[in-house]
>>> print(open('data.txt').read())   # compact mmCIF, C-alpha atoms (C1' of nucleotides)
# COMPACT_ATOMS: atom_id res chain seq x y z
CA MET A 268 20.81 26.50 -92.66
CA PHE A 269 21.31 25.91 -88.95
CA GLU A 270 17.69 25.33 -87.95
CA LYS A 271 18.44 22.11 -86.09
CA LEU A 272 21.02 23.83 -83.93
CA HIS A 273 18.75 26.82 -83.29
CA GLN A 274 15.97 24.48 -82.29
CA TYR A 275 18.32 22.58 -79.98
CA ILE A 276 19.54 25.75 -78.30
CA THR A 277 16.03 27.16 -77.98
CA GLU A 278 15.01 24.14 -75.96
CA LYS A 279 17.77 24.77 -73.46
CA ALA A 280 18.37 28.51 -73.36
CA THR A 281 16.86 31.85 -74.33
CA LEU A 282 18.87 33.81 -76.86
CA THR A 283 18.25 36.99 -78.80
CA ASP A 284 18.26 37.07 -82.59
CA GLU A 285 21.53 38.93 -82.42
CA GLU A 286 23.06 36.17 -80.34
CA PHE A 287 21.86 33.55 -82.80
CA ALA A 288 23.50 35.61 -85.50
CA TYR A 289 26.82 35.49 -83.62
CA ILE A 290 26.54 31.75 -83.52
CA ASP A 291 25.62 31.40 -87.18
CA ALA A 292 28.60 33.53 -88.10
CA VAL A 293 31.03 30.92 -86.80
CA CYS A 294 29.21 27.75 -87.84
CA VAL A 295 30.45 25.67 -90.72
CA THR A 296 28.49 22.77 -92.16
CA ARG A 297 30.09 19.56 -93.27
CA LYS A 298 28.25 16.73 -94.97
CA LEU A 299 29.50 13.22 -94.43
CA ARG A 300 28.75 10.20 -96.55
CA LYS A 301 28.36 6.91 -94.73
CA LYS A 302 31.81 5.58 -93.73
CA GLN A 303 33.44 8.96 -94.33
CA TYR A 304 35.81 10.28 -91.66
CA LEU A 305 35.25 13.40 -89.62
CA LEU A 306 38.46 12.84 -87.70
CA GLN A 307 41.33 10.45 -88.21
CA GLU A 308 43.76 9.26 -85.58
CA GLY A 309 46.85 11.43 -85.54
CA ASP A 310 45.11 14.64 -86.55
CA VAL A 311 44.51 17.41 -84.05
CA TRP A 312 40.85 17.98 -83.35
CA GLN A 313 39.96 21.67 -83.17
CA PHE A 314 36.19 21.89 -83.10
CA ASN A 315 33.00 21.46 -81.25
CA ALA A 316 30.80 19.42 -83.53
CA PHE A 317 27.03 19.31 -83.45
CA VAL A 318 25.39 16.49 -85.38
CA SER A 319 22.35 18.04 -87.06
CA LYS A 320 21.51 14.93 -89.08
CA GLY A 321 22.60 11.32 -89.19
CA LEU A 322 24.79 9.31 -86.87
CA VAL A 323 28.52 9.15 -86.24
CA ARG A 324 30.76 7.05 -84.07
CA THR A 325 33.99 7.71 -82.19
CA TYR A 326 36.37 4.80 -81.81
CA ARG A 327 39.94 3.88 -81.07
CA ILE A 328 42.08 1.16 -82.58
CA ASP A 329 44.14 -1.00 -80.23
CA GLY A 330 47.49 -2.69 -80.73
CA LYS A 331 45.88 -5.71 -82.37
CA GLY A 332 44.05 -3.53 -84.88
CA ASP A 333 40.66 -3.99 -83.24
CA GLU A 334 38.19 -1.12 -83.05
CA HIS A 335 36.60 -0.08 -79.76
CA ILE A 336 33.71 2.35 -79.95
CA LEU A 337 33.70 5.13 -77.36
CA GLN A 338 30.61 6.97 -78.48
CA PHE A 339 27.66 6.88 -80.82
CA CYS A 340 26.44 10.37 -81.64
CA PRO A 341 23.08 10.83 -83.37
CA GLU A 342 21.44 14.10 -84.44
CA ASN A 343 21.09 16.71 -81.69
CA TYR A 344 24.18 15.65 -79.82
CA TRP A 345 27.72 16.97 -79.68
CA THR A 346 30.74 14.99 -80.68
CA GLY A 347 34.48 15.41 -81.15
CA ASP A 348 37.59 14.48 -79.26
CA ARG A 349 37.76 16.61 -76.18
CA GLU A 350 41.13 15.16 -75.25
CA SER A 351 42.83 16.41 -78.40
CA LEU A 352 40.79 19.63 -78.31
CA LEU A 353 41.97 20.43 -74.81
CA SER A 354 45.59 19.32 -75.12
CA GLY A 355 46.33 20.25 -78.71
CA GLU A 356 47.90 16.80 -79.11
CA PRO A 357 47.15 14.48 -82.04
CA SER A 358 44.01 12.50 -81.48
CA ARG A 359 43.95 8.82 -80.60
CA CYS A 360 40.40 8.60 -81.94
CA ASN A 361 38.67 8.19 -85.24
CA ILE A 362 35.24 9.60 -85.96
CA ASP A 363 33.27 8.44 -88.95
CA ALA A 364 29.71 8.35 -90.20
CA ILE A 365 27.45 5.35 -89.67
CA GLU A 366 24.76 7.08 -91.73
CA ASP A 367 24.96 9.97 -94.18
CA SER A 368 25.24 12.90 -91.80
CA GLU A 369 25.42 16.65 -91.45
CA ILE A 370 27.75 18.19 -88.95
CA ILE A 371 27.96 21.75 -87.74
CA LEU A 372 31.51 22.66 -86.80
CA ILE A 373 32.57 25.53 -84.54
CA ARG A 374 36.26 26.19 -84.12
CA LYS A 375 37.65 26.02 -80.61
CA GLN A 376 38.44 29.72 -80.38
CA ASP A 377 35.09 30.76 -81.86
CA PHE A 378 33.31 28.46 -79.47
CA GLU A 379 35.09 29.95 -76.48
CA ASN A 380 34.20 33.43 -77.69
CA LEU A 381 30.56 32.43 -77.92
CA CYS A 382 30.69 31.10 -74.40
CA SER A 383 32.11 34.29 -72.96
CA LYS A 384 29.91 36.55 -75.05
CA ILE A 385 26.62 34.71 -74.58
CA GLU A 386 26.08 33.73 -70.97
CA PRO A 387 23.00 31.51 -71.54
CA PHE A 388 24.94 29.64 -74.21
CA ASN A 389 27.78 29.19 -71.75
CA ARG A 390 25.44 27.78 -69.13
CA MET A 391 23.89 25.42 -71.65
CA VAL A 392 27.26 24.14 -72.77
CA ASN A 393 28.32 23.60 -69.20
CA ILE A 394 25.23 21.59 -68.39
CA VAL A 395 25.64 19.51 -71.52
CA LEU A 396 29.18 18.75 -70.45
CA GLN A 397 28.07 17.76 -66.97
CA LYS A 398 25.47 15.44 -68.42
CA SER A 399 28.06 13.92 -70.72
CA PHE A 400 30.19 13.24 -67.70
CA ASN A 401 27.30 11.57 -65.91
CA THR A 402 26.58 9.46 -68.96
CA SER A 403 30.20 8.35 -68.97
CA GLN A 404 30.06 7.44 -65.31
CA ASN A 405 26.97 5.35 -65.87
CA ARG A 406 28.64 3.59 -68.75
CA ILE A 407 31.66 2.83 -66.58
CA HIS A 408 29.34 1.35 -64.01
CA ALA A 409 27.74 -0.84 -66.67
CA ALA A 410 31.11 -1.89 -68.06
CA ILE A 411 32.52 -3.01 -64.72
CA SER A 412 29.35 -4.48 -63.20
CA PHE A 413 27.26 -6.12 -65.88
CA THR A 414 27.39 -9.46 -67.69
CA ALA A 415 27.23 -9.48 -71.49
CA GLU A 416 23.48 -10.02 -71.35
CA GLU A 417 22.93 -7.21 -68.88
CA LYS A 418 25.07 -4.87 -70.97
CA TYR A 419 22.95 -5.55 -74.01
CA LEU A 420 19.62 -5.22 -72.20
CA ASN A 421 20.81 -2.00 -70.61
CA PHE A 422 21.85 -0.66 -74.00
CA ILE A 423 18.52 -1.30 -75.69
CA THR A 424 16.57 0.20 -72.81
CA ILE A 425 18.73 3.34 -72.73
CA TYR A 426 19.00 3.71 -76.50
CA PRO A 427 15.95 1.95 -77.99
CA ASP A 428 16.07 4.17 -81.06
CA LEU A 429 19.77 3.67 -81.74
CA ALA A 430 19.63 -0.10 -81.50
CA ASN A 431 17.97 -0.38 -84.93
CA ARG A 432 20.27 2.07 -86.65
CA ILE A 433 23.56 0.50 -85.66
CA PRO A 434 25.02 -2.78 -86.98
CA GLN A 435 25.20 -5.39 -84.27
CA SER A 436 28.93 -5.74 -84.61
CA MET A 437 29.30 -2.09 -83.66
CA ILE A 438 27.01 -2.45 -80.67
CA ALA A 439 29.18 -5.35 -79.58
CA SER A 440 32.28 -3.19 -79.97
CA TYR A 441 30.65 -0.45 -77.90
CA LEU A 442 29.72 -2.89 -75.16
CA GLY A 443 33.12 -4.54 -75.11
CA ILE A 444 31.92 -8.00 -76.12
CA SER A 445 32.47 -10.07 -79.26
CA PRO A 446 29.89 -9.97 -82.08
CA GLU A 447 29.31 -13.71 -81.63
CA THR A 448 28.55 -13.29 -77.95
CA LEU A 449 26.12 -10.49 -78.74
CA SER A 450 24.39 -12.66 -81.31
CA ARG A 451 23.98 -15.46 -78.78
CA VAL A 452 22.76 -13.08 -76.11
CA ARG A 453 20.13 -11.69 -78.45
CA ASN A 454 19.03 -15.17 -79.38
CA LYS A 455 18.70 -16.11 -75.73
CA VAL A 456 16.85 -12.92 -74.83
CA SER A 457 14.36 -13.29 -77.68
CA LYS A 458 13.36 -16.72 -76.41
CA LYS A 459 12.03 -15.28 -73.17
CA MET B 91 42.32 26.79 -42.95
CA PHE B 92 41.91 26.37 -46.68
CA GLU B 93 45.56 26.49 -47.70
CA LYS B 94 45.39 23.35 -49.79
CA LEU B 95 42.54 24.71 -51.86
CA HIS B 96 44.24 28.10 -52.26
CA GLN B 97 47.37 26.37 -53.41
CA TYR B 98 45.41 24.24 -55.86
CA ILE B 99 43.63 27.25 -57.33
CA THR B 100 46.81 29.29 -57.52
CA GLU B 101 48.36 26.64 -59.73
CA LYS B 102 45.52 26.92 -62.21
CA ALA B 103 44.24 30.51 -62.06
CA THR B 104 45.12 33.98 -60.87
CA LEU B 105 42.82 35.39 -58.21
CA THR B 106 42.87 38.49 -56.05
CA ASP B 107 42.88 38.31 -52.27
CA GLU B 108 39.31 39.55 -52.33
CA GLU B 109 38.29 36.69 -54.59
CA PHE B 110 39.96 34.20 -52.32
CA ALA B 111 37.99 35.73 -49.49
CA TYR B 112 34.74 35.14 -51.38
CA ILE B 113 35.69 31.53 -51.73
CA ASP B 114 36.68 31.11 -48.10
CA ALA B 115 33.38 32.58 -47.05
CA VAL B 116 31.44 29.67 -48.54
CA CYS B 117 33.80 26.85 -47.71
CA VAL B 118 32.97 24.35 -45.00
CA THR B 119 35.43 21.75 -43.76
CA ARG B 120 34.43 18.25 -42.88
CA LYS B 121 36.77 15.69 -41.37
CA LEU B 122 36.20 12.07 -42.15
CA ARG B 123 37.49 9.08 -40.28
CA LYS B 124 38.44 6.04 -42.31
CA LYS B 125 35.27 4.19 -43.42
CA GLN B 126 33.08 7.15 -42.59
CA TYR B 127 30.48 8.21 -45.15
CA LEU B 128 30.47 11.51 -46.97
CA LEU B 129 27.39 10.51 -48.96
CA GLN B 130 25.01 7.60 -48.64
CA GLU B 131 22.81 6.18 -51.35
CA GLY B 132 19.37 7.76 -51.25
CA ASP B 133 20.52 11.15 -50.02
CA VAL B 134 20.59 14.16 -52.31
CA TRP B 135 24.08 15.44 -52.95
CA GLN B 136 24.30 19.22 -52.88
CA PHE B 137 27.97 20.13 -52.90
CA ASN B 138 31.17 20.40 -54.75
CA ALA B 139 33.72 18.66 -52.61
CA PHE B 140 37.44 19.23 -52.66
CA VAL B 141 39.58 16.63 -50.94
CA SER B 142 42.29 18.57 -49.14
CA LYS B 143 43.69 15.55 -47.34
CA GLY B 144 43.28 11.80 -47.49
CA LEU B 145 41.48 9.59 -49.95
CA VAL B 146 37.83 8.79 -50.61
CA ARG B 147 35.98 6.46 -52.94
CA THR B 148 32.67 6.66 -54.78
CA TYR B 149 30.86 3.41 -55.38
CA ARG B 150 27.50 1.90 -56.19
CA ILE B 151 25.92 -1.26 -54.89
CA ASP B 152 24.27 -3.59 -57.40
CA GLY B 153 21.27 -5.88 -57.03
CA LYS B 154 23.42 -8.66 -55.60
CA GLY B 155 24.84 -6.37 -52.95
CA ASP B 156 28.25 -6.10 -54.59
CA GLU B 157 30.14 -2.82 -54.57
CA HIS B 158 31.52 -1.28 -57.76
CA ILE B 159 33.91 1.61 -57.38
CA LEU B 160 33.41 4.52 -59.77
CA GLN B 161 36.13 6.80 -58.50
CA PHE B 162 39.07 7.10 -56.17
CA CYS B 163 39.64 10.66 -55.11
CA PRO B 164 42.88 11.61 -53.31
CA GLU B 165 43.88 15.03 -52.01
CA ASN B 166 43.76 17.84 -54.57
CA TYR B 167 40.88 16.39 -56.54
CA TRP B 168 37.17 17.06 -56.61
CA THR B 169 34.55 14.50 -55.77
CA GLY B 170 30.81 14.21 -55.28
CA ASP B 171 27.90 12.86 -57.24
CA ARG B 172 27.32 15.12 -60.18
CA GLU B 173 24.25 13.17 -61.21
CA SER B 174 22.39 13.86 -57.99
CA LEU B 175 23.81 17.39 -57.85
CA LEU B 176 22.49 18.21 -61.31
CA SER B 177 19.13 16.45 -61.08
CA GLY B 178 18.29 16.97 -57.44
CA GLU B 179 17.35 13.29 -57.30
CA PRO B 180 18.53 10.96 -54.54
CA SER B 181 21.98 9.61 -55.22
CA ARG B 182 22.69 6.07 -56.34
CA CYS B 183 26.22 6.40 -55.01
CA ASN B 184 28.02 6.08 -51.74
CA ILE B 185 31.13 8.04 -50.90
CA ASP B 186 33.31 7.05 -47.98
CA ALA B 187 36.83 7.52 -46.73
CA ILE B 188 39.61 5.02 -47.44
CA GLU B 189 41.94 7.07 -45.26
CA ASP B 190 41.22 9.70 -42.64
CA SER B 191 40.42 12.69 -44.80
CA GLU B 192 39.57 16.36 -44.87
CA ILE B 193 36.97 17.62 -47.28
CA ILE B 194 36.11 21.17 -48.22
CA LEU B 195 32.44 21.48 -49.12
CA ILE B 196 30.88 24.24 -51.18
CA ARG B 197 27.12 24.26 -51.57
CA LYS B 198 25.78 24.08 -55.10
CA GLN B 199 24.34 27.59 -55.09
CA ASP B 200 27.43 29.10 -53.53
CA PHE B 201 29.60 27.33 -56.06
CA GLU B 202 27.57 28.68 -58.95
CA ASN B 203 27.82 32.16 -57.50
CA LEU B 204 31.58 31.83 -57.30
CA CYS B 205 31.66 30.73 -60.93
CA SER B 206 29.68 33.69 -62.15
CA LYS B 207 31.43 36.19 -59.90
CA ILE B 208 35.01 35.00 -60.48
CA GLU B 209 35.70 34.38 -64.13
CA PRO B 210 39.13 32.71 -63.69
CA PHE B 211 37.58 30.35 -61.17
CA ASN B 212 34.84 29.56 -63.66
CA ARG B 213 37.39 28.78 -66.36
CA MET B 214 39.37 26.58 -64.01
CA VAL B 215 36.29 24.63 -63.00
CA ASN B 216 35.31 24.15 -66.60
CA ILE B 217 38.71 22.79 -67.54
CA VAL B 218 38.71 20.46 -64.56
CA LEU B 219 35.35 19.15 -65.71
CA GLN B 220 36.59 18.62 -69.23
CA LYS B 221 39.59 16.72 -67.92
CA SER B 222 37.33 14.59 -65.75
CA PHE B 223 35.33 13.75 -68.83
CA ASN B 224 38.47 12.75 -70.71
CA THR B 225 39.58 10.60 -67.81
CA SER B 226 36.21 8.86 -67.90
CA GLN B 227 36.50 8.23 -71.62
CA ASN B 228 39.92 6.70 -71.17
CA ARG B 229 38.61 4.48 -68.43
CA ILE B 230 35.77 3.34 -70.66
CA HIS B 231 38.30 2.47 -73.31
CA ALA B 232 40.28 0.44 -70.81
CA ALA B 233 37.16 -1.28 -69.50
CA ILE B 234 35.96 -2.43 -72.92
CA SER B 235 39.33 -3.21 -74.52
CA PHE B 236 41.71 -4.60 -71.95
CA THR B 237 42.20 -8.00 -70.36
CA ALA B 238 42.37 -8.26 -66.59
CA GLU B 239 46.16 -8.11 -66.71
CA GLU B 240 46.17 -5.09 -68.99
CA LYS B 241 43.66 -3.32 -66.78
CA TYR B 242 45.89 -3.80 -63.77
CA LEU B 243 49.09 -2.76 -65.53
CA ASN B 244 47.32 0.28 -66.91
CA PHE B 245 46.09 1.20 -63.44
CA ILE B 246 49.48 1.06 -61.79
CA THR B 247 51.12 3.07 -64.53
CA ILE B 248 48.42 5.77 -64.44
CA TYR B 249 48.12 5.84 -60.65
CA PRO B 250 51.43 4.55 -59.26
CA ASP B 251 50.94 6.50 -56.05
CA LEU B 252 47.40 5.30 -55.41
CA ALA B 253 48.21 1.64 -55.92
CA ASN B 254 49.89 1.42 -52.51
CA ARG B 255 47.22 3.31 -50.63
CA ILE B 256 44.27 1.23 -51.75
CA PRO B 257 43.41 -2.32 -50.67
CA GLN B 258 43.67 -4.75 -53.56
CA SER B 259 40.08 -5.78 -53.27
CA MET B 260 39.07 -2.19 -53.97
CA ILE B 261 41.36 -1.93 -56.96
CA ALA B 262 39.74 -5.10 -58.26
CA SER B 263 36.31 -3.57 -57.75
CA TYR B 264 37.41 -0.44 -59.60
CA LEU B 265 38.74 -2.48 -62.50
CA GLY B 266 35.69 -4.70 -62.71
CA ILE B 267 37.50 -7.94 -61.93
CA SER B 268 37.33 -10.28 -58.94
CA PRO B 269 39.85 -9.94 -56.11
CA GLU B 270 41.07 -13.46 -56.80
CA THR B 271 41.78 -12.65 -60.42
CA LEU B 272 43.68 -9.53 -59.40
CA SER B 273 45.74 -11.54 -56.96
CA ARG B 274 46.62 -14.05 -59.67
CA VAL B 275 47.40 -11.32 -62.17
CA ARG B 276 49.77 -9.64 -59.70
CA ASN B 277 51.46 -12.92 -59.00
CA LYS B 278 51.94 -13.54 -62.70
CA VAL B 279 53.19 -10.01 -63.37
CA SER B 280 55.70 -10.12 -60.52
CA LYS B 281 57.31 -13.21 -62.02
CA LYS B 282 58.35 -11.31 -65.16
C1' DC C 8 48.39 -11.41 -28.60
C1' DG C 9 43.45 -12.59 -30.51
C1' DA C 10 40.21 -11.30 -33.80
C1' DT C 11 39.11 -9.52 -37.90
C1' DT C 12 39.98 -8.42 -42.44
C1' DC C 13 42.53 -8.97 -46.60
C1' DT C 14 45.05 -11.85 -49.68
C1' DT C 15 46.45 -16.05 -51.72
C1' DT C 16 45.78 -20.58 -53.64
C1' DG C 17 43.39 -24.59 -55.59
C1' DA C 18 39.78 -26.89 -58.11
C1' DA C 19 35.60 -26.73 -60.60
C1' DA C 20 32.17 -24.29 -63.17
C1' DA C 21 30.50 -20.52 -65.85
C1' DC C 22 31.29 -17.29 -69.11
C1' DA C 23 33.03 -15.15 -73.06
C1' DG C 24 36.28 -15.39 -76.99
C1' DT C 25 38.06 -17.57 -81.18
C1' DC C 26 37.90 -19.88 -85.44
C1' DA C 27 35.48 -21.69 -89.17
C1' DA C 28 31.46 -22.64 -91.70
C1' DT C 29 26.90 -21.43 -92.97
C1' DC C 30 23.16 -18.43 -93.58
C1' DT C 31 20.93 -13.94 -94.62
C1' DG C 32 20.15 -9.82 -96.67
C1' DT C 33 21.60 -5.98 -99.59
C1' DG C 34 23.22 -3.80 -103.35
C1' DT C 35 25.57 -3.92 -107.84
C1' DG C 36 26.54 -4.96 -112.39
C1' DG C 37 25.52 -7.74 -116.22
C1' DC D 49 15.37 -8.67 -113.35
C1' DC D 50 18.48 -12.02 -112.05
C1' DA D 51 22.87 -13.62 -110.46
C1' DC D 52 26.53 -12.71 -107.93
C1' DA D 53 29.43 -10.74 -104.59
C1' DC D 54 29.92 -8.89 -100.24
C1' DA D 55 29.18 -7.69 -95.65
C1' DG D 56 26.87 -8.82 -91.56
C1' DA D 57 24.82 -12.22 -88.59
C1' DT D 58 24.32 -16.81 -86.88
C1' DT D 59 25.74 -21.31 -85.32
C1' DG D 60 28.77 -25.02 -83.64
C1' DA D 61 32.82 -26.79 -81.52
C1' DC D 62 36.57 -25.64 -79.01
C1' DT D 63 39.74 -22.88 -76.17
C1' DG D 64 40.89 -19.79 -72.79
C1' DT D 65 39.92 -16.57 -69.34
C1' DT D 66 37.55 -15.25 -65.38
C1' DT D 67 34.45 -16.29 -61.65
C1' DT D 68 32.98 -18.85 -57.86
C1' DC D 69 33.48 -21.38 -53.75
C1' DA D 70 36.22 -22.99 -50.16
C1' DA D 71 40.15 -23.13 -47.38
C1' DA D 72 44.49 -21.63 -45.79
C1' DG D 73 47.77 -18.06 -45.12
C1' DA D 74 49.22 -13.08 -44.14
C1' DA D 75 48.57 -8.70 -42.36
C1' DT D 76 46.41 -5.29 -39.48
C1' DC D 77 44.23 -3.32 -35.54
C1' DG D 78 42.44 -2.87 -31.23
>>> encode(input="data.txt", output="structure tokens")
Amino acid sequence: MFEKLHQYITEKATLTDEEFAYIDAVCVTRKLRKKQYLLQEGDVWQFNAFVSKGLVRTYRIDGKGDEHILQFCPENYWTGDRESLLSGEPSRCNIDAIEDSEIILIRKQDFENLCSKIEPFNRMVNIVLQKSFNTSQNRIHAAISFTAEEKYLNFITIYPDLANRIPQSMIASYLGISPETLSRVRNKVSKK
Amino acid sequence: MFEKLHQYITEKATLTDEEFAYIDAVCVTRKLRKKQYLLQEGDVWQFNAFVSKGLVRTYRIDGKGDEHILQFCPENYWTGDRESLLSGEPSRCNIDAIEDSEIILIRKQDFENLCSKIEPFNRMVNIVLQKSFNTSQNRIHAAISFTAEEKYLNFITIYPDLANRIPQSMIASYLGISPETLSRVRNKVSKK
DNA sequence: CGATTCTTTGAAAACAGTCAATCTGTGTGG
DNA sequence: CCACACAGATTGACTGTTTTCAAAGAATCG
């Protein structure tokens, strides 16, 4: 049932069978069809979510109704809205599936129990969080330093696998440029 | 000696005198004059750094030699380069003082020991990290969604106190716009 | 003060965004 | 299996924003 998550954890920490059993006991699977929501703006997000299959996106909608993508999350990565999770406030984000996906959900309280009960799990989670932070910092650097072309080239070198799975318009949204500009940039780049 | 840090911790966790003593034992103070470096690109960063007084900035230098500011860190916040700290690789960042500052440094290993020895400290650190992540996400949203004017207005509403302590050119660098554009934006805003 | 740095302002150029039309590919229903 | 509809991508022309470069004007610091 939770093989993907076991495999993921095994690569990063050493757990006993009993500890894996603790984890399994609090995991819930949710299947998402393409375009289906995992979280809608206004709801309170209460989970840690591990994507075991597929691909989801997190985005916000601005005053003009435009979407801005904060995160793409493929299999073997964690997603959710940490802001709502931490504050208990309604989320400003939406999460939905770009591909048919499978998500493993662990409730906030259960997750915290796992962390305090299973020290290697706790360490793993902490390192994942630190890496997420670093990833964010690097994205900020790209967003404030790069031209549209550089943003695109950076994206496809960092995420070569994702580039083919995501509609261009969403990549544009993620990079903070218009779909037309992205199209032109790609055209220009391909001519080199 | 470390009153500011004690005060900070006391607001977020409950520790015994003995636990405070553990912390004090691994703290090192460093004073920084304005413009002095705390970290230079190429060096490995090995600390968690608490700013007890003053204001520092973290920035990177791009291929053209331009600076791009990743973080402003005033008193009562943590700074450093988590990327280098986690990987052990040389840092791509510089950290220097915008004002004369006092920094409390805790070596990586000592910090981890504190975390495992003092559970409330560990929890506090984890929450601070989560909040830092959320702050980053919000900044990404601003960077990819907002116009220059919106970025500036957002900045001064989020950091009203910092706005006066930081040269405009640095705010521009932080926002990813040119100093001239920021000047024009401010002019325009002040006329409303 | 004088020197340096920071900020402002103007004009031109580069860049990215918008709007509208066309093209492409995909999937669906007849 | 084809025709059609639909969404996504491309292209062109235009607009608007932001950058760049240069110069002048403030502010700051020794």
>>> residues_near_point(input="data.txt", point="(41.8, -19.3, -79.5)", cutoff="9 Å", atoms="all atoms listed in the file", output="ChimeraX atom specification")
/C:24-26 /D:62-64
>>> interface_residues(input="data.txt", of="chain A", to="chain B", cutoff="6 Å", atoms="all atoms listed in the file", output="PyMOL selection string")
chain A and resi 350+400-401+407+411+443
>>> interface_residues(input="data.txt", of="chain D", to="chain B", cutoff="9 Å", atoms="only C-alpha atoms (C1' of nucleotides)", output="JSON, numbers by chain")
{"D": [65, 66, 67]}
>>> residues_around(input="data.txt", residues="stretch 91-105 of chain B", least_positions_apart="2", cutoff="9 Å", atoms="all atoms listed in the file", output="list in words")
Asp107, Glu108, Glu109, Phe110, Asp114, Cys117, Thr119, Phe140, Val141, Ser142, Lys143, Glu165, Asn166, Ile194, Ile208, Pro210, Phe211, Arg213 and Met214 of chain B
>>> write_last_selection(input="data.txt", atoms="C-alpha atoms", output="CSV table (one decimal), in the frame of the given file")
chain,number,residue,atom,x,y,z
B,107,ASP,CA,42.9,38.3,-52.3
B,108,GLU,CA,39.3,39.6,-52.3
B,109,GLU,CA,38.3,36.7,-54.6
B,110,PHE,CA,40.0,34.2,-52.3
B,114,ASP,CA,36.7,31.1,-48.1
B,117,CYS,CA,33.8,26.8,-47.7
B,119,THR,CA,35.4,21.8,-43.8
B,140,PHE,CA,37.4,19.2,-52.7
B,141,VAL,CA,39.6,16.6,-50.9
B,142,SER,CA,42.3,18.6,-49.1
B,143,LYS,CA,43.7,15.6,-47.3
B,165,GLU,CA,43.9,15.0,-52.0
B,166,ASN,CA,43.8,17.8,-54.6
B,194,ILE,CA,36.1,21.2,-48.2
B,208,ILE,CA,35.0,35.0,-60.5
B,210,PRO,CA,39.1,32.7,-63.7
B,211,PHE,CA,37.6,30.4,-61.2
B,213,ARG,CA,37.4,28.8,-66.4
B,214,MET,CA,39.4,26.6,-64.0
>>> residues_around(input="data.txt", residues="A:Ser450", least_positions_apart="3", cutoff="9 Å", atoms="all atoms listed in the file", output="list in words")
Gln435, Ser436, Ala439, Ser445, Pro446, Glu447, Arg453, Asn454 and Lys455 of chain A; DA57 and DT58 of chain D
>>> residues_near_point(input="data.txt", point="(34.2, 8.6, -83.9)", cutoff="12 Å", atoms="all atoms listed in the file", output="PDB file with C-alpha atoms, in the frame of the given file")
ATOM      1  CA  LYS A 302      31.810   5.580 -93.730  1.00  0.00           C
ATOM      2  CA  GLN A 303      33.440   8.960 -94.330  1.00  0.00           C
ATOM      3  CA  TYR A 304      35.810  10.280 -91.660  1.00  0.00           C
ATOM      4  CA  LEU A 305      35.250  13.400 -89.620  1.00  0.00           C
ATOM      5  CA  LEU A 306      38.460  12.840 -87.700  1.00  0.00           C
ATOM      6  CA  GLN A 307      41.330  10.450 -88.210  1.00  0.00           C
ATOM      7  CA  GLU A 308      43.760   9.260 -85.580  1.00  0.00           C
ATOM      8  CA  TRP A 312      40.850  17.980 -83.350  1.00  0.00           C
ATOM      9  CA  ALA A 316      30.800  19.420 -83.530  1.00  0.00           C
ATOM     10  CA  VAL A 318      25.390  16.490 -85.380  1.00  0.00           C
ATOM     11  CA  LEU A 322      24.790   9.310 -86.870  1.00  0.00           C
ATOM     12  CA  VAL A 323      28.520   9.150 -86.240  1.00  0.00           C
ATOM     13  CA  ARG A 324      30.760   7.050 -84.070  1.00  0.00           C
ATOM     14  CA  THR A 325      33.990   7.710 -82.190  1.00  0.00           C
ATOM     15  CA  TYR A 326      36.370   4.800 -81.810  1.00  0.00           C
ATOM     16  CA  ARG A 327      39.940   3.880 -81.070  1.00  0.00           C
ATOM     17  CA  ILE A 328      42.080   1.160 -82.580  1.00  0.00           C
ATOM     18  CA  GLU A 334      38.190  -1.120 -83.050  1.00  0.00           C
ATOM     19  CA  HIS A 335      36.600  -0.080 -79.760  1.00  0.00           C
ATOM     20  CA  ILE A 336      33.710   2.350 -79.950  1.00  0.00           C
ATOM     21  CA  LEU A 337      33.700   5.130 -77.360  1.00  0.00           C
ATOM     22  CA  GLN A 338      30.610   6.970 -78.480  1.00  0.00           C
ATOM     23  CA  PHE A 339      27.660   6.880 -80.820  1.00  0.00           C
ATOM     24  CA  CYS A 340      26.440  10.370 -81.640  1.00  0.00           C
ATOM     25  CA  PRO A 341      23.080  10.830 -83.370  1.00  0.00           C
ATOM     26  CA  TRP A 345      27.720  16.970 -79.680  1.00  0.00           C
ATOM     27  CA  THR A 346      30.740  14.990 -80.680  1.00  0.00           C
ATOM     28  CA  GLY A 347      34.480  15.410 -81.150  1.00  0.00           C
ATOM     29  CA  ASP A 348      37.590  14.480 -79.260  1.00  0.00           C
ATOM     30  CA  ARG A 349      37.760  16.610 -76.180  1.00  0.00           C
ATOM     31  CA  SER A 358      44.010  12.500 -81.480  1.00  0.00           C
ATOM     32  CA  ARG A 359      43.950   8.820 -80.600  1.00  0.00           C
ATOM     33  CA  CYS A 360      40.400   8.600 -81.940  1.00  0.00           C
ATOM     34  CA  ASN A 361      38.670   8.190 -85.240  1.00  0.00           C
ATOM     35  CA  ILE A 362      35.240   9.600 -85.960  1.00  0.00           C
ATOM     36  CA  ASP A 363      33.270   8.440 -88.950  1.00  0.00           C
ATOM     37  CA  ALA A 364      29.710   8.350 -90.200  1.00  0.00           C
ATOM     38  CA  ILE A 365      27.450   5.350 -89.670  1.00  0.00           C
ATOM     39  CA  MET A 437      29.300  -2.090 -83.660  1.00  0.00           C
ATOM     40  CA  TYR A 441      30.650  -0.450 -77.900  1.00  0.00           C
TER      41      TYR A 441
END
>>> atom_distance(input="data.txt", atom1="atom CA of B:Arg120", atom2="atom CA of B:Glu192")
5.8 Å
